[in-house]
Structures are given as C-alpha cells and as structure tokens.
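S.K.: My structure file target.txt, compact mmCIF, C-alpha atoms, is below:
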```
# COMPACT_ATOMS: atom_id res chain seq x y z
CA MET A 1 111.90 139.82 141.81
CA LYS A 2 110.37 138.83 138.52
CA ILE A 3 106.67 139.67 138.82
CA LEU A 4 104.11 138.61 136.22
CA PHE A 5 100.66 140.23 136.15
CA VAL A 6 97.89 138.32 134.37
CA HIS A 7 94.69 140.05 133.27
CA GLN A 8 92.73 139.69 130.04
CA ASN A 9 92.11 143.46 130.02
CA PHE A 10 95.40 144.61 131.60
CA PRO A 11 96.06 146.94 133.35
CA GLY A 12 92.60 146.33 134.84
CA GLN A 13 92.94 146.70 138.61
CA PHE A 14 96.73 147.12 138.37
CA PRO A 15 97.41 150.47 136.61
CA HIS A 16 99.26 151.87 139.64
CA LEU A 17 100.64 148.76 141.30
CA ALA A 18 102.49 147.35 138.28
CA PRO A 19 104.54 150.50 137.54
CA ALA A 20 105.12 151.11 141.25
CA LEU A 21 106.75 147.69 141.56
CA ALA A 22 108.80 148.33 138.42
CA ALA A 23 109.97 151.64 139.88
CA ARG A 24 111.26 149.74 142.92
CA GLY A 25 113.57 147.69 140.70
CA HIS A 26 111.47 144.59 140.10
CA GLU A 27 111.24 143.08 136.63
CA VAL A 28 107.55 143.48 135.85
CA LEU A 29 105.77 141.85 132.92
CA ALA A 30 102.08 141.49 132.04
CA LEU A 31 100.35 138.63 130.22
CA THR A 32 97.08 139.59 128.52
CA ASP A 33 94.61 138.67 125.79
CA ALA A 34 95.80 139.27 122.21
CA SER A 35 92.78 141.50 121.56
CA ASN A 36 93.59 143.86 124.43
CA GLN A 37 94.64 147.23 123.00
CA ARG A 38 94.67 149.23 126.23
CA PRO A 39 97.83 151.24 126.92
CA SER A 40 100.06 149.53 129.47
CA PRO A 41 102.42 151.05 132.03
CA VAL A 42 104.75 148.00 131.78
CA ARG A 43 105.91 145.59 129.09
CA VAL A 44 103.17 143.27 127.84
CA VAL A 45 103.09 139.87 126.16
CA LYS A 46 99.91 138.35 124.78
CA TYR A 47 98.30 134.93 124.63
CA ALA A 48 96.07 133.71 121.82
CA ILE A 49 92.39 134.64 121.90
CA PRO A 50 90.44 131.65 123.26
CA PRO A 51 88.20 129.92 120.71
CA LYS A 52 84.47 129.92 121.15
CA ILE A 53 83.31 126.92 123.12
CA GLU A 54 80.17 125.05 122.12
CA ILE A 55 78.64 123.54 125.25
CA SER A 56 75.06 122.34 124.99
CA HIS A 57 74.37 122.24 128.72
CA PRO A 58 74.39 125.73 130.30
CA LEU A 59 75.66 124.56 133.69
CA GLY A 60 79.04 123.64 132.24
CA ARG A 61 79.40 126.57 129.87
CA THR A 62 81.07 129.07 132.19
CA TYR A 63 83.68 126.63 133.46
CA ALA A 64 84.44 125.41 129.94
CA GLU A 65 84.97 128.99 128.74
CA MET A 66 87.15 129.91 131.71
CA ALA A 67 89.18 126.72 131.48
CA GLU A 68 89.79 127.35 127.79
CA ARG A 69 91.03 130.85 128.55
CA GLY A 70 93.17 129.41 131.32
CA TRP A 71 94.69 126.99 128.82
CA MET A 72 95.40 129.81 126.36
CA ALA A 73 97.11 131.77 129.14
CA ALA A 74 99.08 128.65 130.12
CA ARG A 75 100.19 128.15 126.52
CA GLY A 76 101.40 131.73 126.45
CA ALA A 77 103.22 131.14 129.72
CA ARG A 78 104.82 127.98 128.32
CA ALA A 79 106.12 129.93 125.34
CA LEU A 80 107.65 132.47 127.71
CA ARG A 81 109.31 129.66 129.63
CA ASP A 82 110.51 127.51 126.73
CA ARG A 83 111.43 130.14 124.14
CA HIS A 84 112.69 132.91 126.37
CA GLY A 85 113.72 131.15 129.58
CA TYR A 86 111.35 133.30 131.63
CA THR A 87 110.38 132.15 135.12
CA PRO A 88 108.60 134.54 137.47
CA ASP A 89 109.01 134.62 141.23
CA VAL A 90 105.47 135.95 141.71
CA ILE A 91 102.35 135.67 139.55
CA PHE A 92 99.49 138.05 140.34
CA GLY A 93 96.35 137.46 138.29
CA HIS A 94 92.67 138.25 138.34
CA SER A 95 90.70 135.08 139.06
CA GLY A 96 87.57 136.18 137.23
CA TRP A 97 88.32 134.77 133.78
CA GLY A 98 90.18 131.56 134.58
CA GLU A 99 93.59 132.81 133.48
CA THR A 100 95.40 131.61 136.62
CA LEU A 101 93.94 128.08 136.62
CA PHE A 102 96.88 126.26 135.04
CA LEU A 103 99.86 128.58 135.48
CA GLN A 104 101.26 126.53 138.36
CA GLU A 105 101.70 123.64 135.91
CA ILE A 106 104.08 125.86 133.95
CA TRP A 107 105.83 127.49 136.90
CA PRO A 108 105.28 125.27 139.97
CA ASP A 109 107.75 127.20 142.14
CA ALA A 110 106.26 130.66 141.59
CA LYS A 111 104.09 132.21 144.28
CA LEU A 112 100.56 132.58 142.92
CA LEU A 113 98.50 135.57 144.07
CA VAL A 114 94.96 136.15 142.85
CA TYR A 115 92.68 139.16 142.83
CA ALA A 116 89.51 137.74 144.39
CA GLU A 117 86.93 140.27 143.28
CA LEU A 118 83.78 138.43 144.36
CA LEU A 119 82.40 134.92 144.81
CA TYR A 120 78.94 134.48 143.39
CA ARG A 121 76.58 133.41 146.16
CA THR A 122 73.09 131.98 145.93
CA ARG A 123 71.61 133.81 148.92
CA GLY A 124 72.17 137.16 150.56
CA HIS A 125 73.80 138.76 147.53
CA ASP A 126 72.51 139.64 144.08
CA VAL A 127 70.63 136.42 143.27
CA GLY A 128 66.98 136.94 144.15
CA PHE A 129 67.65 140.40 145.60
CA ASP A 130 65.43 142.13 143.05
CA PRO A 131 62.50 139.79 142.27
CA GLU A 132 61.21 142.13 139.56
CA ILE A 133 64.35 141.56 137.51
CA SER A 134 65.80 138.23 138.62
CA PRO A 135 63.67 136.07 140.92
CA GLY A 136 65.60 133.73 143.19
CA THR A 137 64.44 130.48 141.63
CA ASP A 138 66.07 127.10 142.14
CA GLU A 139 67.32 127.34 138.56
CA ALA A 140 68.97 130.72 139.20
CA ARG A 141 70.69 129.45 142.34
CA VAL A 142 71.95 126.29 140.62
CA ALA A 143 73.30 128.34 137.72
CA THR A 144 75.07 130.63 140.17
CA ARG A 145 76.76 127.72 141.93
CA ALA A 146 77.92 126.38 138.58
CA ARG A 147 79.36 129.79 137.61
CA SER A 148 81.40 129.88 140.84
CA ALA A 149 83.47 126.76 140.16
CA HIS A 150 86.47 128.45 138.53
CA LEU A 151 86.54 131.18 141.18
CA ILE A 152 86.71 128.65 143.99
CA GLN A 153 89.34 126.60 142.18
CA SER A 154 91.44 129.71 141.58
CA ILE A 155 91.58 130.76 145.21
CA VAL A 156 92.07 127.19 146.48
CA GLN A 157 95.18 126.93 144.28
CA ALA A 158 96.52 130.37 145.19
CA ASP A 159 99.09 131.07 147.87
CA ALA A 160 97.23 134.24 148.85
CA ALA A 161 94.44 136.48 147.57
CA LEU A 162 93.42 140.12 147.62
CA SER A 163 90.01 141.81 147.69
CA PRO A 164 89.30 145.56 147.53
CA THR A 165 86.56 145.66 150.19
CA ARG A 166 85.52 143.64 153.23
CA TYR A 167 82.15 142.94 151.66
CA GLN A 168 83.77 141.39 148.60
CA ALA A 169 86.25 139.39 150.69
CA ASP A 170 83.44 138.13 152.90
CA SER A 171 81.60 136.74 149.88
CA PHE A 172 84.04 133.83 150.11
CA PRO A 173 83.38 131.06 152.67
CA PRO A 174 85.34 131.01 155.96
CA GLU A 175 87.66 128.23 154.83
CA LEU A 176 88.86 130.46 151.97
CA ARG A 177 88.40 133.87 153.61
CA GLY A 178 91.56 133.35 155.68
CA LYS A 179 93.64 133.59 152.51
CA ILE A 180 92.28 137.01 151.59
CA THR A 181 93.80 140.37 152.51
CA VAL A 182 91.62 143.45 152.06
CA ILE A 183 93.33 146.42 150.38
CA HIS A 184 91.45 148.81 148.13
CA ASP A 185 92.83 149.65 144.69
CA GLY A 186 93.20 153.25 145.86
CA ILE A 187 91.87 156.65 144.77
CA ASP A 188 94.16 159.48 143.65
CA THR A 189 92.72 162.14 145.95
CA ASP A 190 95.18 164.72 144.64
CA LYS A 191 93.48 164.42 141.25
CA VAL A 192 89.94 163.56 142.34
CA ARG A 193 89.03 166.46 144.57
CA PRO A 194 86.42 169.21 144.89
CA ASP A 195 86.73 172.06 142.40
CA PRO A 196 84.48 175.07 143.02
CA ALA A 197 85.40 176.36 139.54
CA ALA A 198 84.39 173.14 137.74
CA THR A 199 82.11 173.29 134.72
CA LEU A 200 80.47 170.70 132.50
CA THR A 201 79.31 171.43 128.96
CA LEU A 202 76.31 169.37 127.91
CA PRO A 203 75.81 168.14 124.34
CA ASP A 204 73.26 170.91 123.72
CA GLY A 205 75.85 173.54 124.68
CA ARG A 206 74.42 174.30 128.10
CA ILE A 207 77.09 174.83 130.76
CA LEU A 208 76.63 173.48 134.26
CA ARG A 209 78.73 174.89 137.09
CA ALA A 210 79.66 173.78 140.58
CA GLY A 211 76.86 174.89 142.86
CA ASP A 212 74.12 174.45 140.25
CA GLU A 213 71.22 172.19 141.06
CA VAL A 214 72.68 169.09 139.40
CA LEU A 215 71.93 165.45 140.21
CA SER A 216 74.52 162.96 138.92
CA TYR A 217 74.25 159.23 138.31
CA VAL A 218 77.14 157.12 136.97
CA SER A 219 77.37 153.49 135.96
CA ARG A 220 79.40 151.63 133.33
CA SER A 221 76.05 150.48 131.94
CA LEU A 222 72.57 151.77 132.73
CA GLU A 223 71.12 148.60 134.27
CA PRO A 224 69.27 147.24 137.32
CA TYR A 225 72.39 145.95 139.11
CA ARG A 226 73.27 149.61 139.67
CA GLY A 227 69.70 150.63 140.43
CA PHE A 228 69.04 152.39 137.14
CA HIS A 229 65.36 151.41 137.17
CA VAL A 230 65.01 152.64 140.74
CA PHE A 231 66.73 155.93 139.93
CA MET A 232 64.56 156.55 136.87
CA ARG A 233 61.37 155.92 138.81
CA ALA A 234 62.46 158.54 141.35
CA LEU A 235 63.04 161.21 138.69
CA PRO A 236 59.43 162.36 138.06
CA GLU A 237 58.82 163.40 141.67
CA MET A 238 62.32 164.88 142.01
CA LEU A 239 61.92 166.97 138.84
CA ARG A 240 58.43 168.09 139.90
CA ALA A 241 59.66 169.18 143.33
CA ARG A 242 62.81 170.86 141.99
CA PRO A 243 61.87 172.68 138.77
CA ASN A 244 65.39 174.01 138.23
CA ALA A 245 67.18 170.70 138.73
CA GLN A 246 69.13 168.95 135.97
CA ALA A 247 69.77 165.20 136.04
CA VAL A 248 72.93 164.01 134.26
CA LEU A 249 73.54 160.31 133.69
CA ILE A 250 76.75 158.68 132.48
CA GLY A 251 76.64 155.07 131.28
CA GLY A 252 76.32 152.90 128.20
CA ASP A 253 73.20 151.26 126.84
CA GLY A 254 74.63 147.74 127.09
CA VAL A 255 74.75 145.29 129.99
CA SER A 256 77.73 144.76 132.27
CA TYR A 257 75.96 142.55 134.80
CA GLY A 258 72.74 140.60 134.58
CA GLY A 259 70.79 140.48 131.32
CA LYS A 260 68.88 142.63 128.86
CA PRO A 261 65.19 143.36 129.32
CA ARG A 262 62.87 141.00 127.49
CA ASP A 263 60.66 143.77 126.13
CA ALA A 264 63.15 146.43 124.98
CA GLU A 265 66.54 146.79 123.31
CA SER A 266 68.09 148.29 126.46
CA TRP A 267 67.20 149.19 130.03
CA LYS A 268 67.33 152.84 129.06
CA ALA A 269 64.70 152.23 126.37
CA ARG A 270 62.69 150.12 128.80
CA MET A 271 62.60 152.82 131.49
CA LEU A 272 61.92 155.67 129.05
CA ALA A 273 58.97 153.68 127.73
CA GLU A 274 57.71 153.32 131.30
CA ILE A 275 58.14 156.87 132.57
CA GLY A 276 59.21 158.97 129.59
CA GLU A 277 55.97 160.96 129.44
CA GLY A 278 56.25 161.69 133.14
CA ILE A 279 59.53 163.59 132.94
CA ASP A 280 60.85 166.65 131.14
CA LEU A 281 63.54 165.08 128.98
CA SER A 282 65.09 168.50 128.34
CA ARG A 283 66.26 168.30 131.97
CA VAL A 284 67.49 164.69 131.85
CA HIS A 285 70.80 164.31 130.03
CA PHE A 286 72.16 160.91 128.97
CA LEU A 287 75.88 161.28 128.20
CA ASP A 288 76.62 157.61 127.39
CA ARG A 289 80.24 156.68 128.19
CA VAL A 290 82.52 159.68 128.33
CA PRO A 291 86.23 160.55 128.73
CA TYR A 292 87.50 160.48 132.29
CA GLY A 293 87.81 164.26 132.45
CA THR A 294 84.14 164.72 131.58
CA TYR A 295 83.14 162.18 134.22
CA LEU A 296 85.25 163.94 136.86
CA SER A 297 83.77 167.31 135.92
CA LEU A 298 80.28 165.92 136.48
CA LEU A 299 81.21 164.75 139.97
CA GLN A 300 82.68 168.17 140.73
CA VAL A 301 79.61 170.14 139.57
CA ALA A 302 76.98 167.82 141.08
CA ARG A 303 75.06 169.05 144.08
CA VAL A 304 73.93 165.47 144.77
CA HIS A 305 75.37 162.18 143.52
CA CYS A 306 73.13 159.11 143.57
CA TYR A 307 74.78 155.69 143.87
CA LEU A 308 72.62 152.58 143.95
CA THR A 309 73.71 148.96 143.79
CA TYR A 310 72.59 145.43 144.44
CA PRO A 311 74.69 143.57 147.04
CA PHE A 312 77.55 143.18 144.58
CA VAL A 313 80.98 144.51 143.61
CA LEU A 314 81.44 148.10 144.77
CA SER A 315 81.96 150.61 141.94
CA TRP A 316 84.99 152.87 141.76
CA SER A 317 82.51 155.66 141.00
CA LEU A 318 81.32 155.75 144.62
CA THR A 319 84.80 156.14 146.07
CA GLU A 320 85.69 158.75 143.44
CA ALA A 321 82.46 160.66 144.05
CA MET A 322 83.29 160.73 147.74
CA ALA A 323 86.83 161.94 146.98
CA ALA A 324 85.36 164.68 144.79
CA GLY A 325 83.38 165.89 147.81
CA CYS A 326 79.95 164.86 146.56
CA LEU A 327 76.88 164.75 148.74
CA ILE A 328 76.12 161.05 148.38
CA VAL A 329 72.64 159.58 148.38
CA GLY A 330 73.22 155.84 148.30
CA SER A 331 71.33 152.60 148.58
CA ASP A 332 71.18 151.03 152.02
CA THR A 333 72.89 147.86 150.81
CA GLU A 334 75.84 146.11 152.41
CA PRO A 335 78.65 147.18 150.02
CA VAL A 336 77.57 150.82 150.32
CA ARG A 337 77.26 150.70 154.10
CA GLU A 338 80.93 149.74 154.26
CA LEU A 339 81.77 153.29 153.17
CA ILE A 340 78.69 155.42 153.83
CA ARG A 341 77.23 155.94 157.30
CA ASP A 342 73.83 157.56 157.14
CA GLY A 343 73.92 161.09 158.49
CA GLU A 344 77.68 161.00 159.05
CA ASN A 345 79.21 161.13 155.56
CA GLY A 346 76.19 160.74 153.29
CA ARG A 347 72.55 159.71 153.11
CA LEU A 348 71.19 156.18 152.68
CA ALA A 349 67.80 155.04 151.45
CA GLY A 350 66.42 151.54 151.07
CA PHE A 351 67.08 150.21 147.57
CA PHE A 352 63.37 149.61 147.01
CA ASP A 353 62.10 152.56 149.08
CA ARG A 354 61.30 155.02 146.30
CA GLU A 355 59.71 157.58 148.61
CA ALA A 356 62.79 157.66 150.85
CA LEU A 357 65.06 158.00 147.82
CA GLU A 358 62.95 160.80 146.38
CA ALA A 359 62.96 162.63 149.71
CA ALA A 360 66.74 162.32 150.08
CA LEU A 361 67.39 163.54 146.54
CA ILE A 362 64.99 166.47 146.93
CA ARG A 363 66.45 167.42 150.30
CA GLY A 364 69.98 167.39 148.89
CA LEU A 365 69.10 169.41 145.80
CA ALA A 366 67.10 171.91 147.85
CA GLY A 367 70.13 172.63 150.02
CA ASP A 368 70.54 170.08 152.78
CA PRO A 369 71.70 172.12 155.82
CA ASP A 370 74.17 169.35 156.61
CA ALA A 371 75.52 169.17 153.06
CA GLU A 372 78.92 170.73 153.64
CA ARG A 373 79.57 168.60 156.71
CA LEU A 374 78.56 165.43 154.84
CA ARG A 375 80.63 166.35 151.79
CA ALA A 376 83.72 167.01 153.89
CA ALA A 377 83.24 163.79 155.82
CA ALA A 378 82.83 161.79 152.61
CA ARG A 379 86.09 163.11 151.23
CA ARG A 380 87.84 162.58 154.57
CA THR A 381 86.73 158.92 154.54
CA ILE A 382 88.55 158.39 151.24
CA VAL A 383 91.61 160.49 152.06
CA GLU A 384 92.19 158.72 155.37
CA GLY A 385 91.38 155.15 154.34
CA TYR A 386 91.48 154.80 150.56
CA ASP A 387 94.07 157.29 149.29
CA LEU A 388 96.16 155.77 146.52
CA LYS A 389 99.61 157.23 147.16
CA ARG A 390 99.61 157.45 150.95
CA VAL A 391 97.52 154.46 152.05
CA CYS A 392 96.67 151.81 149.48
CA LEU A 393 99.63 151.69 147.11
CA PRO A 394 102.25 151.31 149.88
CA ARG A 395 100.20 148.46 151.37
CA LEU A 396 99.76 146.79 147.98
CA VAL A 397 103.48 146.99 147.25
CA GLU A 398 104.32 145.56 150.65
CA TRP A 399 101.81 142.73 150.14
CA VAL A 400 103.25 141.67 146.79
CA GLU A 401 106.85 142.03 147.95
CA GLY A 402 106.02 139.80 150.91
CA ALA A 403 104.70 137.01 148.67
CA HIS A 404 107.56 134.72 149.68
CA LYS A 405 106.00 134.50 153.16
CA PHE A 406 102.68 133.13 151.88
CA LYS A 407 102.19 129.39 152.22
CA LEU A 408 99.61 127.40 150.32
```
Please render this file's structure as structure tokens.

M.R.:
Amino acid sequence: MKILFVHQNFPGQFPHLAPALAARGHEVLALTDASNQRPSPVRVVKYAIPPKIEISHPLGRTYAEMAERGWMAARGARALRDRHGYTPDVIFGHSGWGETLFLQEIWPDAKLLVYAELLYRTRGHDVGFDPEISPGTDEARVATRARSAHLIQSIVQADAALSPTRYQADSFPPELRGKITVIHDGIDTDKVRPDPAATLTLPDGRILRAGDEVLSYVSRSLEPYRGFHVFMRALPEMLRARPNAQAVLIGGDGVSYGGKPRDAESWKARMLAEIGEGIDLSRVHFLDRVPYGTYLSLLQVARVHCYLTYPFVLSWSLTEAMAAGCLIVGSDTEPVRELIRDGENGRLAGFFDREALEAALIRGLAGDPDAERLRAAARRTIVEGYDLKRVCLPRLVEWVEGAHKFKL
C-alpha cells in the first residue's frame, strides 16, 4: 500500500511504526511542516508554514489556526497529487493540529486514520481540577468547548482512530468512542531496562550511582499540569527527613500545557520564590532538557521516581520509568491508575495530599521493604502489556494494514 503519515513534528508518535511498515514493503511517505528539522526514518515532503491568523474573538482563534494549518497541509497534498501523481491508499495523521481536516477533499478514496490523543473536556478532566492554578469558571469551560471543535471534526471525518491509553480514548463521547482502538505507542524494554551499574554525572561533577538515595522527577516542562508545584512543596519535608537524599529534576522552564504564572517568569522561578529558603539547593539539581541517554541514566540510578499529573495525556516518562524498574510514587489520578495499582506495582498518593506524597517519597528513599517487588512488578507491567517489539508494534502494523476494513 501507499501509506502517508501526517504530523507537523514528524515522526512524533510514529518513529517506529512508519519504518516498520516500510520494512514490510509498503511505500511510506510523511507530510510535515516546512520548519520541522527532526530526523525522519522515512522519506518526507513538507507543506508551507501556516501564516499567523489574526482573530479578535478568542473563541474562534483555535479553530481558525487549525483550519489554516489544515489548508496548508491540503495544499501540500494537492501538489503531491497534481505534480507527482501521488495518491495514498491510507492516510494516518495526528488530529491535534488540524492537518487532516481537508485531506479527504484531495484524496476522497483514501482511508483516513487519525491519532486521537485526547478530547478536551469541561468536567472531570484538567479544567477546574486544580483551582489554585485554573479555576473551573464558565469562561474556562466555554473556551475548552471551543478548542475541541477541530478534534471532534477530525474524528467524525475519519474512518478509524487510535489512542494510546483507555483513559485518553474514553475522553471522547460514546458516539465517537466506538471508532477508537487503544494501542500504546510502545516502549523498547530491551533498551529501557534496569542497570545496576548506571551512573549519572551532575553538572557540578558529582556522580550518582544506582542504589544511591536519588529522587527523580521528569517532565517536558516544569509546570502544574505535571504536578511540579506539588512536587516542590513536598521537597522540604523529604530533604529534612532524608539528609543524604538528592533530588534531580529534568524539564524545561517553558510551558507545554496550561499557562505561565502571573507573578514570575516561569513556574520554576515561582516555586523557588515560594520555598527556596526552605530547601538545600545544593541537593536539588535542575538539569533542564537533556539528551535521551542522560534521561535514561537518571531513571536507572533513581531509588524513587515521582510522577504526578492532572487528568490528562499520560507521559511516556511514566511508562519508561516503569520499564527501567523504578519504584514509582505517582498521583492517584485516572491516567496513572490505568498503569499503577497502589501496593502492587507502585505507590499512589492523592494529587493534593502533600502529607501522603511526602510519606511515600520518604518511605521509598529510606528503603521501602517492598521496593524490589514493586520495581519488578512495574517493569513486568510494561514488558507484558506495552513492549514495543513484541506487543505494540505488531498490533499497530496489523491495525494500519487492516485499514481497508474500516468503514466511515
């Protein structure tokens, strides 16, 4: 088959699937934004960067931006069709940026598959979950509904859709949920695994080793959606109770989800202003964003890994931390509960229950008597249900190759 992937930041969620399909003899091509410079495992063509849209009313801004990107992607598709005679059998695109909205007007006979990462919801998810940061006002809920328009349109138009977790699939309403198959992107458990010889060299030259009293925290950006403020507020008591512990944080100072604080240049600055005098900063190490190898080394040396999140998209970092055999202390929120069962393969604490979080972190760093059992069970969860090569990739390949069976 001729299979076209569409993603403004390709390979995005498709770094393994696209080359796997090519290796099976399919003609695989990717359509992406002209500014995307990421290395690609398959041949790439690019569409023009969408112009900035000036919309005075905020409720229409998101749809206007996504529709404009969709039009740029459609223009790129039209050039492929008219200049090069290209017609795909299957299109598989991420629905998040509007790129799939108009592709069926260019190729009406192609099967359209979309990656349905999450549907924004006004209740029961992130909106209003954390009143300190984003109160669930009528205005916030209305804005969320407006931001969902292109996501709903994308899946309505699609022949079939894919989500990586049940929680994310279930964010869509029942009338759309039936289109969605749940298959995780997959974790390479041959690469991401425990390493008792692992070391991590900190910027000051200090070397941390597997077995040391290390607490890890990882997020693309240090922000409330991933519980950064909650984690930071738990540090003073944890550091007081464990005088030899080192906390290592990976994440940028920007914002990936939500917004910036009103009273500081970043959430890191905001939280250091709040609690900075209450912690020994020589024992708290901010590594910013780091190469993958450094990130993996941190997971392998950590005695405890803390993962906190709003009810939202699940991070790859949790599944990789589990594959690395970390002792997980996670937030008792729905996306985390899909993978972590308290006392069976990790520990859970209420997102807003600072005392419970502190106690779980201290217990883990002190030498939780159940640590080895929990670590092994965490890794087993990923190996048995989320392994890239043996579980997820074969299912993903089969799903795409079976696209001809999907009916709109």

S.K.: Out of A:Lys389, A:Arg147, A:Arg337, A:Arg69, which residue has the shortest atom-to-atom distance to A:Leu318 when counting all atoms listed in the file?

M.R.: A:Arg337

S.K.: Within 6 Å of A:Phe5, counting only C-alpha atoms, which residues qualify if same-chain residues fewer than 4 places away don't, as JSON, numbers by chain?

M.R.: {"A": [30, 91, 92, 93]}

S.K.: Return the single residue from A:Arg283, A:Arg363, A:His26, A:Lys260 that is closest to A:Val304, with distances computed using only C-alpha atoms.

M.R.: A:Arg363

S.K.: Applying 12 Å and all atoms listed in the file, which residues near A:Leu272 remain after dropping the ones on its own chain fewer than 2 positions away? List them as an MDAnalysis selection string.

M.R.: chainID A and resid 222 228:229 231:233 235:236 264:270 274:281 284 286

S.K.: By how many Å are atom CA of A:Arg121 and atom CA of A:Ile382 apart?

M.R.: 28.2 Å

S.K.: Would you list the residues near (106.6, 145.5, 126.5) (no more than 12 Å away, in the coordinates of the file, using only C-alpha atoms) as JSON, numbers by chain?

M.R.: {"A": [27, 28, 29, 30, 31, 32, 39, 40, 41, 42, 43, 44, 45, 46]}

S.K.: Which of these, A:Ile106, A:Ala64, A:Leu299, A:Val255, has the shortest distance to A:Arg78 once you count all atoms listed in the file?

M.R.: A:Ile106

S.K.: Taking all atoms listed in the file into account, which of A:Ser219, A:Ser134, A:Asn345, A:Ser35 comes nearest A:Ser317?

M.R.: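 The closest residue to A:Ser317 is A:Ser219.
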
S.K.: What is the distance between atom CA of A:Gly350 and atom CA of A:Arg141, in Å to one decimal?

M.R.: 24.1 Å

S.K.: Skip A:Met322 itself and residues of its chain fewer than 5 positions away, then list as a ChimeraX atom specification all residues within 10 Å of it, counting only C-alpha atoms.

M.R.: /A:187,189,192-194,299,305,317,327-328,339-340,345-346,374-383

S.K.: Looking at only C-alpha atoms, which of A:Ala247, A:Ile53, A:Leu151, A:Val90 is the one that sits closest to A:Ser282?

M.R.: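 The closest residue to A:Ser282 is A:Ala247.
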
S.K.: Excluding same-chain residues fewer than 4 positions from A:Leu348, what lies within 6 Å of it counting only C-alpha atoms, as a PyMOL selection string?

M.R.: chain A and resi 329-332+342

S.K.: Dump C-alpha atoms for the selected residues as a PDB file, in the coordinates of the input?

M.R.:
```pdb
ATOM      1  CA  VAL A 329      72.640 159.580 148.380  1.00  0.00           C
ATOM      2  CA  GLY A 330      73.220 155.840 148.300  1.00  0.00           C
ATOM      3  CA  SER A 331      71.330 152.600 148.580  1.00  0.00           C
ATOM      4  CA  ASP A 332      71.180 151.030 152.020  1.00  0.00           C
ATOM      5  CA  ASP A 342      73.830 157.560 157.140  1.00  0.00           C
TER       6      ASP A 342
END
```

S.K.: Just checking: using all atoms listed in the file, which residue out of A:Ala23, A:Leu239, A:Ala323, A:Leu200 ends up closest to A:Leu298?

M.R.: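 Closest residue, counting all atoms listed in the file: A:Leu200.
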
S.K.: Could you pull the residues within 9 Å of A:Asn9, counting all atoms listed in the file, minus those fewer than 3 positions along the same chain, as a list in words?

M.R.: Val6, Gly12, Thr32, Asp33, Ser35, Asn36, Gln37 and Arg38 of chain A

S.K.: Any idea what the distance is between atom CA of A:Thr122 and atom CA of A:His150?

M.R.: 15.7 Å

S.K.: Give me stretch 136-153 of chain A with N, CA and C atoms filled in, as a short mmCIF file (atom, residue, chain, number, x, y, z; two decimals), in the frame of the given file.

M.R.:
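See out.cif below for the written result:
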```
data_model
loop_
_atom_site.label_atom_id
_atom_site.label_comp_id
_atom_site.auth_asym_id
_atom_site.auth_seq_id
_atom_site.Cartn_x
_atom_site.Cartn_y
_atom_site.Cartn_z
N GLY A 136 64.68 134.71 142.64
CA GLY A 136 65.60 133.73 143.19
C GLY A 136 65.06 132.32 143.08
N THR A 137 64.95 131.83 141.86
CA THR A 137 64.44 130.48 141.63
C THR A 137 65.52 129.44 141.90
N ASP A 138 65.10 128.18 142.00
CA ASP A 138 66.07 127.10 142.14
C ASP A 138 67.03 127.09 140.96
N GLU A 139 66.49 127.34 139.76
CA GLU A 139 67.32 127.34 138.56
C GLU A 139 68.38 128.43 138.62
N ALA A 140 68.01 129.62 139.10
CA ALA A 140 68.97 130.72 139.20
C ALA A 140 70.07 130.40 140.21
N ARG A 141 69.68 129.78 141.32
CA ARG A 141 70.69 129.45 142.34
C ARG A 141 71.63 128.36 141.84
N VAL A 142 71.10 127.35 141.16
CA VAL A 142 71.95 126.29 140.62
C VAL A 142 72.92 126.85 139.59
N ALA A 143 72.43 127.73 138.72
CA ALA A 143 73.30 128.34 137.72
C ALA A 143 74.41 129.16 138.38
N THR A 144 74.08 129.83 139.47
CA THR A 144 75.07 130.63 140.17
C THR A 144 76.16 129.75 140.78
N ARG A 145 75.76 128.64 141.39
CA ARG A 145 76.76 127.72 141.93
C ARG A 145 77.68 127.20 140.82
N ALA A 146 77.11 126.88 139.68
CA ALA A 146 77.92 126.38 138.58
C ALA A 146 78.91 127.44 138.09
N ARG A 147 78.49 128.70 138.08
CA ARG A 147 79.36 129.79 137.61
C ARG A 147 80.50 130.08 138.59
N SER A 148 80.39 129.59 139.82
CA SER A 148 81.40 129.88 140.84
C SER A 148 82.57 128.91 140.83
N ALA A 149 82.47 127.84 140.06
CA ALA A 149 83.47 126.76 140.16
C ALA A 149 84.89 127.24 139.91
N HIS A 150 85.10 128.02 138.85
CA HIS A 150 86.47 128.45 138.53
C HIS A 150 87.00 129.44 139.55
N LEU A 151 86.11 130.22 140.16
CA LEU A 151 86.54 131.18 141.18
C LEU A 151 87.03 130.45 142.43
N ILE A 152 86.30 129.43 142.82
CA ILE A 152 86.71 128.65 143.99
C ILE A 152 88.02 127.92 143.70
N GLN A 153 88.12 127.31 142.53
CA GLN A 153 89.34 126.60 142.18
C GLN A 153 90.54 127.55 142.18
#
```
